[in-house]
Each structure stands twice: as C-alpha cells, then as structure tokens.
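*Asks:* Dumping the structure here so I can ask a few things about it.
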Amino acid sequence: MPEHRIGTQKDFEAAREELLAQEKELTRRGDELARKRRELPWVPVEKDYRFETKGGTKSLADLFDGCSQLLVYHFMFGPPYEAGCTVCSSIADTLSPNVIHLRARDVTLICSSRAPLDKLLSYRERMGWSFDWVSAGGSDFHRDLGFQYTEEELRSFLEGDVPPTVSQMAQLSGTDVRGYVTEGPGMSAYALLDGTVYRTYVTTARGLEAAMAYYGLLDRAPLGRHEEGEQTHWLRRHDEYGKT
C-alpha cells in the first residue's frame with residue numbers, strides 16, 4: 001500500500017464536500033450526454049443481415065424478440081478463437097444479469113460474434129450466462145460497424161511492437177495475435193418502428209465502460225484501478241481466478 005496523505009475527520013469532510021460538488025456536476029453532464037445520445041439521427045439499416053441462432057437463421061428485425069429496442073454487444077470471439085476474449089467475458093458477466101431488467105423496459109440485449117454458433121453456445125454454458133448469443137460469421141454485420149479488420153488494415157500494427165497485453169489476451173483466447181486483433185469489441189443500438197430497423201448508436205473502447213461494472217467500483221476503492229506500469233492484464237474469466 002503506497003503512502004497517502006493522512007488527515008482528520010474535519011479535513012476529510014471539507015475535501016469530500018468539495019469533491020461532491022464536482023461529482024454532482026459530472027452527473028449532470030452525464031445526463032446531458034445521455035440526452036444528446038438519444039437525439040442522434042436514426043439511420044435505416046438497409047442491408048439484409050442474417051444471423052445463426054439457437055432457433056435457426058434470423059434477420060436483424062427478428063432479434064428484437066418482441067421488443068421495440070435492441071442492444072447488441074459485439075463480443076470478440078472470432079472463428080479461430082478457442083474461448084471468448086477475456087475482457088469481453090468480464091463485460092458479459094455484467095450484461096447477463098441485466099437482460100431481464102432491460103426487457104422490462106422494452107429492450108432486448110444480445111451478444112453477437114463471428115465464431116460458429118456451437119462454439120458460442122458451448123462457451124455460454126461454461127460461463128453460466130443467460131443472454132441470447134448469435135453468430136454473425138456469415139454476414140458483414142461486424143465489419144460494417146468497424147468491429148472487424150482485414151490483415152492489410154492491421155499490417156502496421158502487426159509489424160510493430162505488439163503490446164504484451166495483446167499477446168496475453170490472444171493466448172488466453174487460444175489464438176495468435178493476428179487472429180485475435182481481427183476482431184474488435186463494441187456496442188450498437190437499434191429501434192424497430194413500423195417494420196423498419198434503425199441504427200441509433202454505436203460505441204467502442206472506453207465507451208464500453210458502462211458495461212464494465214468493476215471499473216466503476218475500483219474507481220471508488222483506495223487504490224483505484226492501479227494498472228499503471230503493468231505489462232500484463234489482471235483480468236481473468238470468472239472461473240479462472242486463482243489458477244496458475
């Protein structure tokens with residue numbers, strides 16, 4: 001534990017009051033950004049994407065499953081992977097329990113990956129998740145949203161100094177770096193109105209932190225995320241902690 005400033009209860013209360021004002025301002029700013037997110041123009045989805053599901057081949061409209069809103073988490077699980085991305089798996093741990101609550105608000109939440117459906121369903125069973133998981137491997141769904149990359153697009157990255165965390169995550173997924181980074185994580189949102197599907201929002205990278213509950217909690221712990229200088233990532237699948 002590193003050294004830290006020690007103070008009295010009075011010192012704490014004064015500093016906490018100042019911080020609270022800033023936290024409230026951040027909350028108000030977050031509410032404003034949420035409003036602007038909802039006000040983005042809706043774009044009709046004109047391509048006829050098809051997905052392999054446990055219930056057979058379905059269209060994007062079919063995936064709404066009776067709701068008018070759809071959230072899709074683009075889970076990094078490419079065709080050569082032997083297991084889903086470790087980071088995406090940690091996100092799925094947050095997503096799965098929220099499926100029922102979102103459905104109560106007319107939102108269907110699913111995951112989509114490019115690996116064959118049998119791999120996805122087997123891994124879902126291992127992890128104990130409840131969300132529907134579809135395979136988009138036969139369509140351009142991930143590619144069109146910027147969550148799938150070609151070897152040419154990745155050439156400069158692959159020929160440079162690949163970060164140790166990327167090599168680590170590739171190994172944990174049972175593939176090589178090239179196979180791992182052809183996939184990208186993301187979330188996309190859709191509305192179904194009068195039979196037409198509209199894309200309403202897309203995000204990736206730190207835009208996904210809303211689904212990474214552990215970071216919000218770590219930000220409130222004494223040491224925070226405490227990741228500076230680490231050469232490998234601390235995250236593991238929830239059934240792998242404590243294993244060598």
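We name chains A, B, ... following the order of the structure tokens; residues begin at 1 in each chain, and ligands are numbered from 1 as shown.
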Mind checking which residues fall within 7 Å of region 202-211 of chain A, counting only C-alpha atoms, ignoring those fewer than 3 positions away in the same chain, and posting them as a list in words?
*Replies:*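 My reading of the contact set: Ile91, Thr94, Leu95, Pro185, Gly186, Met187, Ser188 and Ala189 of chain A.
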*Asks:* For Ser112 (chain A), list every protein, DNA or RNA residue within 7 Å, evaluated using only C-alpha atoms, and leave out those in the same chain fewer than 2 positions away; present the list as a VMD selection string.
*Replies:* chain A and resid 72 to 75 110 133 to 136
*Asks:* Next, write the just-selected residues to a file, as a PDB file, in the first residue's frame, keeping N, CA, C and O atoms as the atom set.
*Replies:*
ATOM      1  N   VAL A  72     -26.970  -4.613 -28.926  1.00  0.00           N
ATOM      2  CA  VAL A  72     -26.100  -5.718 -29.342  1.00  0.00           C
ATOM      3  C   VAL A  72     -24.693  -5.455 -28.825  1.00  0.00           C
ATOM      4  O   VAL A  72     -24.090  -4.425 -29.153  1.00  0.00           O
ATOM      5  N   TYR A  73     -24.173  -6.391 -28.030  1.00  0.00           N
ATOM      6  CA  TYR A  73     -22.763  -6.313 -27.650  1.00  0.00           C
ATOM      7  C   TYR A  73     -21.977  -7.171 -28.636  1.00  0.00           C
ATOM      8  O   TYR A  73     -22.230  -8.369 -28.785  1.00  0.00           O
ATOM      9  N   HIS A  74     -21.032  -6.536 -29.323  1.00  0.00           N
ATOM     10  CA  HIS A  74     -20.187  -7.220 -30.311  1.00  0.00           C
ATOM     11  C   HIS A  74     -19.006  -7.848 -29.562  1.00  0.00           C
ATOM     12  O   HIS A  74     -18.010  -7.192 -29.270  1.00  0.00           O
ATOM     13  N   PHE A  75     -19.165  -9.109 -29.248  1.00  0.00           N
ATOM     14  CA  PHE A  75     -18.255  -9.875 -28.394  1.00  0.00           C
ATOM     15  C   PHE A  75     -17.111 -10.423 -29.242  1.00  0.00           C
ATOM     16  O   PHE A  75     -17.335 -11.064 -30.263  1.00  0.00           O
ATOM     17  N   ILE A 110     -28.600  -8.712 -26.560  1.00  0.00           N
ATOM     18  CA  ILE A 110     -27.982  -9.946 -27.034  1.00  0.00           C
ATOM     19  C   ILE A 110     -26.489  -9.707 -27.262  1.00  0.00           C
ATOM     20  O   ILE A 110     -26.024  -8.570 -27.260  1.00  0.00           O
ATOM     21  N   TRP A 133     -27.196 -15.414 -27.768  1.00  0.00           N
ATOM     22  CA  TRP A 133     -25.923 -15.171 -28.453  1.00  0.00           C
ATOM     23  C   TRP A 133     -26.069 -15.653 -29.886  1.00  0.00           C
ATOM     24  O   TRP A 133     -26.467 -16.798 -30.124  1.00  0.00           O
ATOM     25  N   VAL A 134     -25.775 -14.779 -30.836  1.00  0.00           N
ATOM     26  CA  VAL A 134     -25.942 -15.123 -32.248  1.00  0.00           C
ATOM     27  C   VAL A 134     -24.598 -15.093 -32.956  1.00  0.00           C
ATOM     28  O   VAL A 134     -23.679 -14.386 -32.547  1.00  0.00           O
ATOM     29  N   SER A 135     -24.509 -15.872 -34.026  1.00  0.00           N
ATOM     30  CA  SER A 135     -23.313 -15.880 -34.858  1.00  0.00           C
ATOM     31  C   SER A 135     -23.574 -15.047 -36.112  1.00  0.00           C
ATOM     32  O   SER A 135     -24.517 -15.291 -36.855  1.00  0.00           O
ATOM     33  N   ALA A 136     -22.713 -14.041 -36.307  1.00  0.00           N
ATOM     34  CA  ALA A 136     -22.812 -13.178 -37.487  1.00  0.00           C
ATOM     35  C   ALA A 136     -21.709 -13.501 -38.480  1.00  0.00           C
ATOM     36  O   ALA A 136     -21.399 -12.691 -39.355  1.00  0.00           O
TER      37      ALA A 136
END
*Asks:* So which one's closest to Tyr149 (chain A), A:Met76, A:Ala83, A:Ala221, A:Leu19? Using only C-alpha atoms, please.
*Replies:*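 Checking each candidate against Tyr149 (chain A), we get A:Met76 as the closest.
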*Asks:* Any idea what's packed within 9 Å of Leu223 (chain A), counting only C-alpha atoms, ignoring anything in its chain fewer than 3 positions away? Could you give it as JSON, numbers by chain?
*Replies:* {"A": [1, 2, 218, 219, 220, 226]}
*Asks:* Hey, what does DSSP flag as alpha helix (DSSP H) within region 31-235 of chain A? Can you give it to me as number ranges by chain?
*Replies:* A: 31-38, 86-103, 117-127, 141-144, 151-158, 164-172, 177-181, 213-218
*Asks:* Report as a PyMOL selection string all protein, DNA and RNA residues lying within 7 Å of region 168-179 of chain A, evaluated on only C-alpha atoms, omitting residues in the same chain fewer than 3 positions from it.
*Replies:* chain A and resi 80-86+164-165+182+232
*Asks:* Restrict the selected residues to C-alpha atoms and save them as a compact mmCIF listing (two decimals), in the first residue's frame.
*Replies:*
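result19.txt, written as the output of this step:
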# COMPACT_ATOMS: atom_id res chain seq x y z
CA PRO A 80 -10.12 -19.18 -34.80
CA TYR A 81 -10.72 -18.47 -31.09
CA GLU A 82 -10.96 -21.41 -28.71
CA ALA A 83 -12.52 -19.22 -25.98
CA GLY A 84 -14.11 -15.79 -25.88
CA CYS A 85 -11.97 -12.70 -25.25
CA THR A 86 -11.18 -12.38 -21.55
CA PRO A 164 2.34 -7.59 -24.15
CA THR A 165 -1.30 -7.38 -23.07
CA THR A 182 -9.06 -9.06 -36.46
CA THR A 232 0.02 -7.92 -18.45
*Asks:* So how many Å separate CA of Gln69 (chain A) and CA of Tyr49 (chain A), to one decimal?
*Replies:*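 Result for CA of Gln69 (chain A) versus CA of Tyr49 (chain A): 17.1 Å, one decimal.
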*Asks:* Near region 25-41 of chain A, within 9 Å and counting only C-alpha atoms, which residues show up once chain neighbours fewer than 6 positions away are dropped, as a list in words?
*Replies:*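 Listed by chain and then number, they are Arg199, Thr200 and Tyr201 of chain A.
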*Asks:* Based on the selection just made, write N, CA, C and O atoms of those residues as a PDB file, in the first residue's frame.
*Replies:*
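Everything below was put into again10.pdb:
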ATOM      1  N   ARG A 199     -30.567   2.074 -36.927  1.00  0.00           N
ATOM      2  CA  ARG A 199     -29.403   2.100 -36.040  1.00  0.00           C
ATOM      3  C   ARG A 199     -29.397   3.447 -35.333  1.00  0.00           C
ATOM      4  O   ARG A 199     -29.493   4.505 -35.961  1.00  0.00           O
ATOM      5  N   THR A 200     -29.270   3.434 -34.000  1.00  0.00           N
ATOM      6  CA  THR A 200     -29.401   4.665 -33.219  1.00  0.00           C
ATOM      7  C   THR A 200     -28.132   5.070 -32.479  1.00  0.00           C
ATOM      8  O   THR A 200     -27.987   6.226 -32.090  1.00  0.00           O
ATOM      9  N   TYR A 201     -27.206   4.110 -32.294  1.00  0.00           N
ATOM     10  CA  TYR A 201     -25.997   4.435 -31.521  1.00  0.00           C
ATOM     11  C   TYR A 201     -24.970   3.332 -31.719  1.00  0.00           C
ATOM     12  O   TYR A 201     -25.315   2.155 -31.873  1.00  0.00           O
TER      13      TYR A 201
END
*Asks:* Pull the strand (DSSP E or B) assignments for region 17-186 of chain A out of DSSP run on the backbone, and list those residues as a PyMOL selection string.
*Replies:* chain A and resi 43-44+50-53+56-59+69-74+107-113+132-135+148+183+186
*Asks:* Figure out the distance between CA of Met127 (chain A) and CA of Val162 (chain A), please, to one decimal in Å.
*Replies:* 28.9 Å
*Asks:* Excluding Asp93 (chain A) and residues on its chain fewer than 5 positions from it, collect all residues at most 10 Å away from it, counting only C-alpha atoms, and give them as a list in words.
*Replies:*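 Once the nearby chain positions are removed, what remains is Cys88, Asn98, Met127, Gly128, Trp129, Ser130, Ala211, Met212, Ala213, Arg237 and His238 of chain A.
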*Asks:* Write the selection just made, keeping C-alpha atoms, as a PDB file, in the first residue's frame?
*Replies:*
ATOM      1  CA  CYS A  88     -15.383  -9.277 -23.312  1.00  0.00           C
ATOM      2  CA  ASN A  98     -29.307  -7.174 -16.664  1.00  0.00           C
ATOM      3  CA  MET A 127     -19.738 -19.184 -18.230  1.00  0.00           C
ATOM      4  CA  GLY A 128     -23.324 -19.554 -16.994  1.00  0.00           C
ATOM      5  CA  TRP A 129     -24.721 -16.604 -18.961  1.00  0.00           C
ATOM      6  CA  SER A 130     -28.378 -16.217 -19.909  1.00  0.00           C
ATOM      7  CA  ALA A 211     -20.797  -2.380 -19.040  1.00  0.00           C
ATOM      8  CA  MET A 212     -17.587  -2.888 -17.028  1.00  0.00           C
ATOM      9  CA  ALA A 213     -19.034  -2.528 -13.533  1.00  0.00           C
ATOM     10  CA  ARG A 237     -12.505 -15.160 -16.759  1.00  0.00           C
ATOM     11  CA  HIS A 238     -14.535 -15.541 -13.599  1.00  0.00           C
TER      12      HIS A 238
END
*Asks:* Skip Thr53 (chain A) itself and residues of its chain fewer than 6 positions away, then list as a PyMOL selection string all residues within 12 Å of it, counting only C-alpha atoms.
*Replies:* chain A and resi 59-60+62-63+110-121+131-137
*Asks:* In Å, with one decimal, what is the gap from CA of Gln148 (chain A) to CA of Val87 (chain A)?
*Replies:*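 These atoms are spaced 16.7 Å apart.
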